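model_24.txt follows; it contains compact mmCIF, C-alpha atoms and all ligand atoms.
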# COMPACT_ATOMS: atom_id res chain seq x y z
CA MET S 1 -6.37 85.39 105.72
CA GLU S 2 -5.29 82.78 103.23
CA THR S 3 -2.97 85.16 101.33
CA LEU S 4 -1.40 86.50 104.52
CA ARG S 5 -0.62 83.04 105.71
CA GLY S 6 0.79 82.28 102.30
CA ALA S 7 3.05 85.36 102.44
CA ALA S 8 4.26 84.43 105.92
CA GLY S 9 4.98 80.94 104.68
CA VAL S 10 7.01 82.24 101.79
CA ARG S 11 8.93 84.55 104.13
CA LEU S 12 9.68 81.67 106.45
CA LEU S 13 10.80 79.54 103.58
CA LEU S 14 13.04 82.34 102.29
CA ALA S 15 14.57 82.86 105.72
CA ALA S 16 15.29 79.15 106.01
CA LEU S 17 16.82 79.10 102.56
CA PHE S 18 18.95 82.11 103.40
CA LEU S 19 20.28 80.41 106.54
CA LEU S 20 20.98 77.24 104.62
CA LEU S 21 22.89 79.20 101.98
CA GLN S 22 24.95 80.95 104.62
CA GLN S 23 25.81 77.59 106.20
CA LEU S 24 26.81 76.23 102.82
CA ARG S 25 28.99 79.23 102.14
CA LEU S 26 30.69 78.87 105.49
CA GLY S 27 31.09 75.14 104.98
CA ALA S 28 32.74 75.72 101.62
CA GLY S 29 34.96 78.37 103.16
CA ILE S 30 33.41 80.95 100.90
CA ALA S 31 32.80 83.44 103.71
CA CYS S 32 35.47 86.13 103.45
CA PRO S 33 37.73 86.03 106.54
CA CYS S 34 38.92 89.64 106.11
CA GLN S 35 37.43 92.50 108.11
CA ASP S 36 37.02 94.37 104.85
CA PRO S 37 35.33 91.97 102.40
CA ALA S 38 36.92 93.89 99.52
CA LEU S 39 40.23 92.30 100.57
CA CYS S 40 38.98 88.95 99.36
CA THR S 41 39.08 90.18 95.78
CA PRO S 42 42.06 88.69 93.96
CA ILE S 43 44.83 91.08 92.94
CA SER S 44 44.63 91.79 89.25
CA GLY S 45 47.19 94.46 88.35
CA THR S 46 50.81 93.76 87.46
CA ARG S 47 53.73 95.65 88.88
CA GLU S 48 56.78 96.25 86.76
CA PHE S 49 59.20 94.55 89.12
CA GLU S 50 58.33 91.27 90.87
CA VAL S 51 59.56 90.52 94.36
CA LEU S 52 58.46 87.01 95.22
CA VAL S 53 58.78 85.88 98.82
CA PHE S 54 58.50 82.30 100.00
CA ASP S 55 56.83 82.15 103.38
CA ILE S 56 57.33 78.89 105.27
CA GLY S 57 54.76 79.51 107.99
CA GLY S 58 54.65 81.09 111.41
CA SER S 59 53.97 84.77 111.89
CA THR S 60 57.17 86.55 110.90
CA TRP S 61 55.37 87.67 107.72
CA ARG S 62 54.04 90.52 109.84
CA PHE S 63 57.55 91.98 109.88
CA TYR S 64 58.41 91.55 106.22
CA ASN S 65 59.16 94.79 104.40
CA TRP S 66 55.92 94.84 102.42
CA THR S 67 57.00 97.90 100.44
CA HIS S 68 59.02 95.52 98.27
CA ILE S 69 56.71 92.52 98.00
CA THR S 70 54.52 91.69 95.01
CA THR S 71 53.86 87.98 95.65
CA VAL S 72 53.98 85.68 98.66
CA ALA S 73 54.12 81.96 97.99
CA THR S 74 52.75 80.28 101.09
CA PHE S 75 54.61 77.07 101.80
CA GLY S 76 53.38 76.92 105.41
CA LYS S 77 49.83 76.30 106.52
CA TYR S 78 47.04 78.55 105.25
CA ASP S 79 46.82 81.78 107.22
CA PRO S 80 43.78 83.89 106.29
CA GLU S 81 45.28 86.88 108.09
CA LEU S 82 48.30 86.75 105.81
CA MET S 83 46.00 86.67 102.77
CA CYS S 84 43.99 89.68 103.99
CA TYR S 85 47.13 91.63 104.85
CA ALA S 86 48.92 90.86 101.57
CA HIS S 87 45.86 91.99 99.63
CA SER S 88 45.75 95.20 101.64
CA ARG S 89 49.31 95.81 100.41
CA GLY S 90 48.49 94.94 96.81
CA ALA S 91 50.50 91.71 96.98
CA ARG S 92 49.40 88.36 95.60
CA VAL S 93 49.27 85.24 97.74
CA VAL S 94 49.78 81.97 95.93
CA LEU S 95 49.43 78.30 96.80
CA LYS S 96 52.23 75.77 96.76
CA GLY S 97 51.72 73.18 94.04
CA ASP S 98 53.38 69.79 94.23
CA VAL S 99 52.36 66.50 92.67
CA LEU S 100 54.03 63.21 91.79
CA VAL S 101 55.36 63.40 88.22
CA THR S 102 54.67 59.71 87.65
CA LYS S 103 50.95 60.42 88.17
CA ILE S 104 50.57 63.41 85.87
CA VAL S 105 51.25 61.33 82.79
CA ASP S 106 47.53 60.52 82.98
CA PRO S 107 45.57 63.50 81.55
CA ALA S 108 42.54 62.68 83.72
CA PHE S 109 44.69 62.73 86.84
CA ARG S 110 46.16 66.08 85.76
CA ALA S 111 42.71 67.56 85.21
CA ALA S 112 41.54 66.38 88.63
CA TRP S 113 44.64 67.74 90.33
CA ILE S 114 44.27 71.10 88.60
CA LYS S 115 40.60 71.35 89.54
CA GLN S 116 41.51 70.63 93.15
CA GLN S 117 44.10 73.44 93.15
CA VAL S 118 41.75 75.95 91.54
CA ASP S 119 38.97 75.08 93.98
CA LEU S 120 41.34 75.46 96.91
CA ALA S 121 42.63 78.80 95.63
CA LYS S 122 39.10 80.11 95.23
CA LYS S 123 38.05 78.88 98.63
CA GLN S 124 41.05 80.58 100.25
CA TYR S 125 40.95 83.73 98.09
CA MET S 126 44.39 83.05 96.70
CA ASP S 127 45.85 84.68 93.60
CA GLY S 128 47.49 81.72 91.90
CA ILE S 129 49.94 78.92 92.45
CA ASN S 130 53.68 78.37 92.54
CA ILE S 131 54.47 74.91 91.23
CA ASP S 132 57.45 73.42 93.02
CA ILE S 133 58.27 70.04 91.58
CA GLU S 134 61.86 69.13 92.20
CA GLN S 135 61.61 65.51 91.13
CA GLU S 136 63.81 63.62 88.72
CA VAL S 137 62.59 63.60 85.13
CA ALA S 138 64.47 62.05 82.20
CA ARG S 139 64.61 63.68 78.80
CA SER S 140 62.17 62.09 76.32
CA SER S 141 60.32 60.30 79.12
CA PRO S 142 56.50 60.50 79.31
CA GLU S 143 56.92 62.71 82.39
CA TYR S 144 58.95 65.25 80.40
CA ASP S 145 56.00 66.22 78.19
CA ALA S 146 53.43 65.65 80.92
CA LEU S 147 55.13 68.24 83.12
CA THR S 148 54.98 70.89 80.39
CA ALA S 149 51.34 69.99 79.79
CA LEU S 150 50.60 70.25 83.50
CA VAL S 151 52.02 73.76 83.61
CA LYS S 152 50.11 74.84 80.50
CA GLU S 153 46.82 73.40 81.69
CA THR S 154 47.23 74.78 85.21
CA THR S 155 47.91 78.25 83.83
CA GLU S 156 44.88 78.12 81.55
CA ALA S 157 42.61 76.89 84.33
CA PHE S 158 43.79 79.51 86.84
CA HIS S 159 43.64 82.41 84.41
CA LYS S 160 40.12 81.41 83.47
CA ALA S 161 38.79 80.79 86.98
CA ILE S 162 40.60 83.63 88.76
CA PRO S 163 41.17 86.62 86.48
CA GLY S 164 44.57 88.21 87.09
CA SER S 165 45.90 85.12 88.84
CA GLN S 166 49.53 84.10 88.61
CA VAL S 167 50.98 80.68 87.83
CA THR S 168 54.71 80.22 88.27
CA PHE S 169 57.15 77.32 88.24
CA ASP S 170 60.38 76.80 90.18
CA ILE S 171 63.34 75.64 88.14
CA ALA S 172 66.88 74.58 89.03
CA TRP S 173 69.78 77.06 88.97
CA SER S 174 70.98 75.70 85.60
CA PRO S 175 69.26 74.09 82.60
CA HIS S 176 71.73 71.17 82.56
CA CYS S 177 69.65 68.44 84.23
CA ILE S 178 70.61 69.53 87.73
CA ASP S 179 69.88 66.73 90.21
CA LYS S 180 68.58 64.68 87.26
CA ARG S 181 65.80 67.20 86.68
CA CYS S 182 65.65 67.39 82.90
CA TYR S 183 62.65 69.57 82.15
CA ASN S 184 61.46 71.34 79.02
CA TYR S 185 62.47 74.73 80.32
CA THR S 186 61.46 76.77 77.29
CA GLY S 187 58.13 74.96 77.08
CA ILE S 188 57.47 75.47 80.78
CA ALA S 189 58.41 79.17 80.70
CA GLU S 190 56.14 79.73 77.70
CA SER S 191 53.30 77.98 79.50
CA CYS S 192 53.23 80.00 82.73
CA ASP S 193 53.51 83.61 83.90
CA PHE S 194 57.16 83.26 84.87
CA VAL S 195 59.73 80.80 86.14
CA PHE S 196 61.51 81.26 89.45
CA VAL S 197 65.14 80.18 89.11
CA MET S 198 66.38 78.65 92.33
CA SER S 199 69.92 80.03 92.23
CA TYR S 200 71.08 78.18 95.29
CA ASP S 201 72.08 74.66 96.38
CA GLU S 202 74.55 74.95 93.51
CA GLN S 203 76.83 72.42 95.20
CA SER S 204 74.19 69.70 95.34
CA GLN S 205 76.33 67.71 92.91
CA VAL S 206 80.06 68.21 93.32
CA TRP S 207 82.07 66.34 90.68
CA SER S 208 85.51 67.73 91.61
CA ASP S 209 87.30 68.01 95.00
CA CYS S 210 85.08 67.43 98.01
CA ILE S 211 85.53 70.84 99.57
CA ALA S 212 83.14 73.43 100.91
CA ARG S 213 82.15 76.10 98.37
CA ALA S 214 79.69 78.96 98.00
CA ASN S 215 75.98 78.12 97.89
CA ALA S 216 75.47 80.42 94.89
CA PRO S 217 78.79 81.56 93.32
CA TYR S 218 78.30 84.74 91.29
CA ASN S 219 79.80 83.66 87.95
CA GLN S 220 78.21 80.24 87.94
CA THR S 221 74.84 81.76 88.84
CA ILE S 222 74.94 84.42 86.14
CA ALA S 223 76.26 82.05 83.44
CA ALA S 224 73.17 79.89 83.97
CA TYR S 225 70.82 82.85 83.39
CA GLU S 226 72.69 83.56 80.17
CA GLN S 227 72.03 79.95 79.17
CA TYR S 228 68.33 80.13 79.95
CA ILE S 229 68.05 83.32 77.91
CA ARG S 230 70.06 81.87 75.02
CA MET S 231 67.67 78.89 74.96
CA GLY S 232 64.98 81.35 74.08
CA ILE S 233 63.36 82.18 77.42
CA ASP S 234 62.19 85.79 77.50
CA PRO S 235 64.03 87.59 80.36
CA LYS S 236 60.67 89.02 81.39
CA LYS S 237 59.60 85.47 82.18
CA ILE S 238 62.48 84.95 84.62
CA VAL S 239 62.61 85.82 88.30
CA MET S 240 65.94 85.31 90.03
CA GLY S 241 65.85 83.39 93.30
CA VAL S 242 68.53 84.18 95.89
CA PRO S 243 69.22 82.32 99.14
CA TRP S 244 68.60 83.88 102.51
CA TYR S 245 70.36 80.88 104.03
CA GLY S 246 73.75 79.31 103.83
CA TYR S 247 75.56 76.03 104.46
CA ASP S 248 77.47 75.15 107.58
CA TYR S 249 80.11 72.50 106.79
CA THR S 250 82.09 70.48 109.29
CA CYS S 251 85.65 70.41 107.94
CA LEU S 252 87.54 67.11 107.96
CA SER S 253 90.52 69.43 107.69
CA LEU S 254 90.81 73.19 107.31
CA SER S 255 93.92 74.63 105.69
CA GLU S 256 95.51 78.02 106.34
CA ASP S 257 94.27 79.22 102.97
CA HIS S 258 90.68 78.36 103.90
CA VAL S 259 90.21 75.07 102.09
CA CYS S 260 87.71 73.02 104.08
CA SER S 261 87.54 69.38 103.02
CA ILE S 262 84.18 67.76 103.63
CA ALA S 263 82.77 64.25 104.02
CA LYS S 264 81.78 62.40 100.83
CA VAL S 265 77.98 62.41 100.74
CA PRO S 266 76.84 61.29 97.27
CA PHE S 267 73.75 62.79 95.63
CA ARG S 268 71.93 61.67 92.45
CA GLY S 269 75.07 60.26 90.90
CA ALA S 270 77.65 62.80 92.11
CA PRO S 271 80.30 61.66 94.63
CA CYS S 272 79.80 64.56 96.98
CA SER S 273 77.28 67.20 97.77
CA ASP S 274 76.24 70.12 99.93
CA ALA S 275 74.23 67.49 101.80
CA ALA S 276 77.47 67.12 103.83
CA GLY S 277 76.63 70.53 105.25
CA ARG S 278 73.64 71.83 107.13
CA GLN S 279 71.38 74.59 105.85
CA VAL S 280 71.29 77.57 108.22
CA PRO S 281 69.18 80.72 108.04
CA TYR S 282 70.93 84.08 107.69
CA LYS S 283 69.91 85.12 111.22
CA LEU S 284 71.78 82.20 112.82
CA ILE S 285 74.85 82.84 110.67
CA MET S 286 74.88 86.48 111.79
CA ASP S 287 74.66 85.38 115.41
CA ARG S 288 77.90 83.42 114.84
CA VAL S 289 80.00 86.26 113.48
CA ASP S 290 81.20 87.63 116.82
CA THR S 291 82.40 84.28 118.15
CA SER S 292 83.80 83.06 114.82
CA LEU S 293 87.55 82.62 114.29
CA SER S 294 87.53 84.67 111.13
CA GLY S 295 84.81 87.29 111.12
CA ILE S 296 83.16 87.65 107.72
CA LEU S 297 85.60 86.79 104.92
CA TRP S 298 85.09 87.38 101.20
CA ASN S 299 85.96 84.90 98.46
CA GLU S 300 86.95 86.69 95.26
CA GLU S 301 86.42 83.67 93.04
CA TYR S 302 82.81 83.11 94.09
CA GLU S 303 82.11 86.69 95.13
CA ALA S 304 80.55 85.32 98.27
CA PRO S 305 81.07 85.75 102.02
CA TYR S 306 82.01 82.96 104.40
CA LEU S 307 83.23 82.48 107.94
CA GLU S 308 84.97 79.89 110.06
CA TYR S 309 84.43 78.82 113.63
CA LYS S 310 85.44 76.10 116.03
CA ALA S 311 82.63 74.02 117.51
CA PRO S 312 82.66 73.03 121.22
CA ASN S 313 83.73 69.50 120.16
CA GLY S 314 86.86 71.00 118.58
CA ALA S 315 85.80 70.58 114.94
CA PHE S 316 86.39 73.42 112.52
CA HIS S 317 83.42 74.64 110.52
CA GLN S 318 83.20 76.74 107.38
CA VAL S 319 79.93 78.55 106.66
CA TRP S 320 79.10 79.82 103.18
CA PHE S 321 76.23 82.23 102.71
CA ASP S 322 74.90 85.27 100.92
CA ASN S 323 74.67 88.74 102.38
CA PRO S 324 73.68 92.20 101.13
CA LYS S 325 77.02 92.53 99.31
CA SER S 326 76.73 89.30 97.30
CA ILE S 327 72.98 89.70 96.74
CA SER S 328 73.37 93.28 95.45
CA LEU S 329 75.77 92.04 92.78
CA LYS S 330 73.19 89.54 91.59
CA ALA S 331 70.39 92.10 91.83
CA ASP S 332 72.43 94.37 89.54
CA TYR S 333 72.39 91.59 86.97
CA VAL S 334 68.59 91.34 87.29
CA THR S 335 68.39 94.99 86.21
CA GLU S 336 71.04 94.73 83.49
CA ALA S 337 69.51 91.64 81.91
CA GLY S 338 65.98 93.02 82.27
CA LEU S 339 64.67 90.06 84.25
CA ARG S 340 61.13 90.15 85.64
CA GLY S 341 62.30 90.45 89.22
CA ILE S 342 63.85 88.74 92.20
CA GLY S 343 62.80 86.61 95.13
CA MET S 344 64.26 84.58 97.94
CA TRP S 345 64.12 81.29 99.78
CA ASN S 346 62.87 82.24 102.24
CA GLY S 347 61.38 85.31 103.91
CA ASP S 348 61.57 83.80 107.38
CA CYS S 349 65.38 83.47 107.52
CA LEU S 350 65.95 86.97 108.89
CA ASN S 351 65.95 88.23 112.45
CA TYR S 352 62.75 90.18 112.98
CA SER S 353 63.02 90.36 116.77
CA GLY S 354 63.76 94.06 116.64
CA GLY S 355 67.17 94.50 118.33
CA SER S 356 69.01 97.37 116.68
CA VAL S 357 71.77 95.22 115.14
CA ALA S 358 69.26 92.64 113.92
CA GLU S 359 67.01 95.34 112.55
CA TYR S 360 69.86 96.86 110.57
CA GLN S 361 70.94 93.48 109.17
CA THR S 362 67.39 92.53 108.27
CA GLU S 363 66.60 95.80 106.56
CA ALA S 364 69.84 95.59 104.56
CA MET S 365 68.81 92.17 103.19
CA TRP S 366 65.48 93.54 101.96
CA GLU S 367 67.18 96.60 100.48
CA ALA S 368 69.70 94.45 98.59
CA LEU S 369 66.89 92.98 96.47
CA THR S 370 66.13 96.19 94.69
CA PRO S 371 68.66 98.36 92.88
CA GLU S 372 69.67 101.69 94.38
CA GLY S 373 67.70 104.67 93.14
CA PRO S 374 68.41 106.21 89.71
C1 LIG L 401 61.11 99.09 103.62
O1 LIG L 401 61.64 99.37 102.37
C2 LIG L 401 61.42 100.72 101.99
C3 LIG L 401 61.85 100.84 100.52
O2 LIG L 401 63.17 100.48 100.33
C4 LIG L 401 62.18 101.63 102.92
O3 LIG L 401 62.00 102.97 102.55
C5 LIG L 401 61.66 101.40 104.33
O4 LIG L 401 62.42 102.14 105.25
C6 LIG L 401 61.70 99.94 104.70
N1 LIG L 401 60.94 99.75 105.93
C7 LIG L 401 61.45 99.22 107.03
C8 LIG L 401 60.53 99.07 108.17
O5 LIG L 401 62.61 98.90 107.12
C1 LIG L 402 58.97 71.99 74.79
O1 LIG L 402 57.65 72.43 74.87
C2 LIG L 402 57.21 73.19 73.76
C3 LIG L 402 55.83 73.70 74.07
O2 LIG L 402 54.98 72.67 74.42
C4 LIG L 402 57.28 72.34 72.52
O3 LIG L 402 56.90 73.12 71.39
C5 LIG L 402 58.70 71.83 72.32
O4 LIG L 402 58.75 70.95 71.23
C6 LIG L 402 59.18 71.11 73.57
N1 LIG L 402 60.59 70.82 73.45
C7 LIG L 402 61.08 69.61 73.47
C8 LIG L 402 62.57 69.51 73.35
O5 LIG L 402 60.38 68.62 73.61
C1 LIG L 403 83.79 85.56 86.02
O1 LIG L 403 83.44 85.62 84.66
C2 LIG L 403 84.07 86.69 83.96
C3 LIG L 403 83.49 86.72 82.58
O2 LIG L 403 83.60 85.48 81.98
C4 LIG L 403 85.57 86.49 83.98
O3 LIG L 403 86.20 87.55 83.32
C5 LIG L 403 86.04 86.46 85.42
O4 LIG L 403 87.41 86.15 85.47
C6 LIG L 403 85.26 85.40 86.19
N1 LIG L 403 85.61 85.57 87.57
C7 LIG L 403 85.94 84.58 88.32
C8 LIG L 403 86.31 84.97 89.71
O5 LIG L 403 85.95 83.43 87.95
C1 LIG L 404 68.04 88.24 116.85
O1 LIG L 404 68.23 89.49 117.42
C2 LIG L 404 68.04 89.52 118.80
C3 LIG L 404 68.12 90.98 119.24
O2 LIG L 404 69.17 91.67 118.64
C4 LIG L 404 69.10 88.65 119.47
O3 LIG L 404 68.91 88.62 120.85
C5 LIG L 404 68.98 87.23 118.90
O4 LIG L 404 70.02 86.42 119.39
C6 LIG L 404 69.07 87.28 117.38
N1 LIG L 404 69.02 85.97 116.79
C7 LIG L 404 67.95 85.19 116.58
C8 LIG L 404 68.16 83.89 115.94
O5 LIG L 404 66.82 85.51 116.92
File written out as structure tokens:
Amino acid sequence: METLRGAAGVRLLLAALFLLLQQLRLGAGIACPCQDPALCTPISGTREFEVLVFDIGGSTWRFYNWTHITTVATFGKYDPELMCYAHSRGARVVLKGDVLVTKIVDPAFRAAWIKQQVDLAKKQYMDGINIDIEQEVARSSPEYDALTALVKETTEAFHKAIPGSQVTFDIAWSPHCIDKRCYNYTGIAESCDFVFVMSYDEQSQVWSDCIARANAPYNQTIAAYEQYIRMGIDPKKIVMGVPWYGYDYTCLSLSEDHVCSIAKVPFRGAPCSDAAGRQVPYKLIMDRVDTSLSGILWNEEYEAPYLEYKAPNGAFHQVWFDNPKSISLKADYVTEAGLRGIGMWNGDCLNYSGGSVAEYQTEAMWEALTPEGP
């Protein structure tokens, strides 16, 4: 009698403990949200060619061409379905990392921030982090070294806590203190899995004539990769970022030979900037083609497409963007230079609504990322 009661008591206690544990797991978000629990396992393999997609939220990720994708950096709100789906396609899903550079000078603050990111990644079954710090940093400032240390420590912590995880860092299109961002580029590249070069917004600081120009002119873009490589960054640590958006400028005047003068909007010391224009996703630019004055034009100097239209208020606009033609040229360089891969800001700029014209345009943008067969 005594022993039986004892056994029942133990069973009851065990059952209660089990329930408590389950509650704790749920509370900590540890319960796997995927139908197949195996999909909560982080991705560990590496694929030869990286295609990194920035996802800014919403549900268009369902229509991405997943054949190409190796990593999705989630800059929108956490979507467990996206995580499960990406894993089912062998693609990594990584957090967005951003922190105030003035704070990371303190090693204790850095350690706490890193722990927070690792904990979050584990809780959400993520495969790493993409650090996107676009703040001003002066050369030989305390922040300069702290930023490199942050990247190194974050990479070490992630690799240790989540085997196979990926830590990447977004850098400006050129190493020359763009927008007053003077970072230790070689140090940062050495300290993470790869850097993502944001080859866009290249007119953020215009020092010459205030006129509309290409978002990512071919020669200027490529010259900057050559510089990064010459500084000693291994090409296999570089992923090229291309824009899936353009800039719509209101012209103060538009000449016959397509020179569009723009308002002087200063930025970080430069007298004018692409901030005079408005960023527009590729899908909206494509919707404009038919009613534009020009159709799609091609600028030989920048090797970039553009178009012109007249707004209802009578103002002329010039829109500079990238399309499969300009992106393919850059993708060819990725192959030639042996870079790690390519990616875009951002995956949600295309028209996924499924009309035949939209479908063709969208598919062509995905195709342009990867070189044609052998
Ligand atoms: C996705 O890309 C692959 C590889 O280029 C291609 O074969 C396929 O047709 C594309 N899928 C869609 C739905 O466009
Ligand atoms: C950049 O970082 C690396 C690695 O931490 C370091 O060896 C190098 O001295 C740094 N470069 C400069 C210019 O501070
Ligand atoms: C681009 O750079 C190449 C190599 O320096 C040069 O030959 C060519 O003229 C440049 N093209 C333009 C349009 O500036
Ligand atoms: C996308 O494509 C659909 C169907 O072709 C079209 O109706 C729509 O205007 C396009 N643009 C956007 C921004 O969705």
- Item | Test item: residues lying within 12 Å of ligand LIG 404 (chain L) with only C-alpha atoms and all ligand atoms, as a list in words | Thr60, Val280, Pro281, Tyr282, Lys283, Leu284, Ile285, Met286, Asp287, Arg288, Val289, Asp290, Asp348, Cys349, Leu350, Asn351, Tyr352, Ser353, Gly354, Gly355, Ser356, Val357, Ala358, Glu359, Tyr360, Gln361 and Thr362 of chain S
Non-local contacts of stretch 321-324 of chain S (6 Å; only C-alpha atoms; under 6 positions in same chain excluded) as an mmCIF file with C-alpha atoms, in the coordinates of the input:
data_model
loop_
_atom_site.group_PDB
_atom_site.id
_atom_site.type_symbol
_atom_site.label_atom_id
_atom_site.label_comp_id
_atom_site.auth_asym_id
_atom_site.auth_seq_id
_atom_site.Cartn_x
_atom_site.Cartn_y
_atom_site.Cartn_z
ATOM 1 C CA GLY S 246 73.750 79.310 103.830
ATOM 2 C CA MET S 365 68.810 92.170 103.190
ATOM 3 C CA ALA S 368 69.700 94.450 98.590
#
TODO: Please give me, as a PyMOL selection string, the residues lying within 8 Å of ligand LIG 403 (chain L) when counting only C-alpha atoms and all ligand atoms.
DONE: chain S and resi 218-220+300-303
Using all atoms listed in the file, find each protein or nucleic acid residue lying at most 9 Å from ligand LIG 402 (chain L); present the set as number ranges by chain.
-> S: 139-140, 144-145, 148-149, 152, 183-191
Computed gap from atom CA of S:Ala276 to atom CA of S:Thr250 is 7.9 Å
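All residues, whether protein, DNA or RNA, that have an atom at most 9 Å from ligand LIG 401 (chain L) (counting only C-alpha atoms and all ligand atoms) are Phe63, Tyr64, Asn65, Trp66, Thr67, His68, Glu359, Tyr360, Thr362, Glu363, Ala364, Trp366, Glu367, Thr370 and Glu372 of chain S.
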Centre and edges of the stretch 89-97 of chain S box, axis-aligned, 3 Å extra per side, as lines of an AutoDock Vina configuration file:
center_x = 50.4
center_y = 84.5
center_z = 97.2
size_x = 9.7
size_y = 28.6
size_z = 12.4
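Between atom CA of S:Glu308 and atom CA of S:Ser294 the separation is 5.5 Å.
Ranking S:Arg340, S:His317, S:Arg268, S:Lys123 by their shortest atom-to-atom distance to S:Arg181, with all atoms listed in the file included, puts S:Arg268 first.
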- Item | S:Ser292 environment, 8 Å, all atoms listed in the file, sequence neighbours closer than 6 positions dropped, as a VMD selection string | chain S and resid 307 to 310
Around (68.4, 77.2, 92.2) in the file's frame, which residues reach within 9 Å when counting all atoms listed in the file? Return as a list in words? Asp170, Ile171, Ala172, Trp173, Ser174, Phe196, Val197, Met198, Ser199, Tyr200, Asp201, Glu202, Ala216, Thr221, Met240, Gly241, Val242 and Pro243 of chain S
Taken to one decimal, the atom CA of S:Phe158-atom CA of S:Cys34 distance is 22.3 Å
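Minimum atom-to-atom distance to S:Gly343, evaluated using all atoms listed in the file, belongs to S:Lys330 out of S:Lys122, S:Lys115, S:Lys330, S:Lys160.
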Worksheet item: Which neighbours of S:Ala38 fall inside 10 Å, counting only C-alpha atoms, when residues of the same chain fewer than 4 positions from it are skipped, and could you give them as a ChimeraX atom specification?
Response: /S:32,34,42,84,87-88
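For S:Phe49, the list of residues within 9 Å, based on all atoms listed in the file and with local chain neighbours fewer than 4 positions off taken out, reads S:Thr70, S:Leu339, S:Arg340, S:Gly341, S:Ile342.
Of the residues under consideration (S:Val101, S:Ala315, S:Ile114, S:Leu147), S:Ala315 shows the shortest atom-to-atom contact distance to S:Leu254 when counting only C-alpha atoms.
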### Query
Which neighbours of S:Ala121 fall inside 10 Å, counting only C-alpha atoms, when residues of the same chain fewer than 3 positions from it are skipped, and could you give them as an MDAnalysis selection string?
chainID S and resid 93:95 115:118 124:129 158 161:162 165
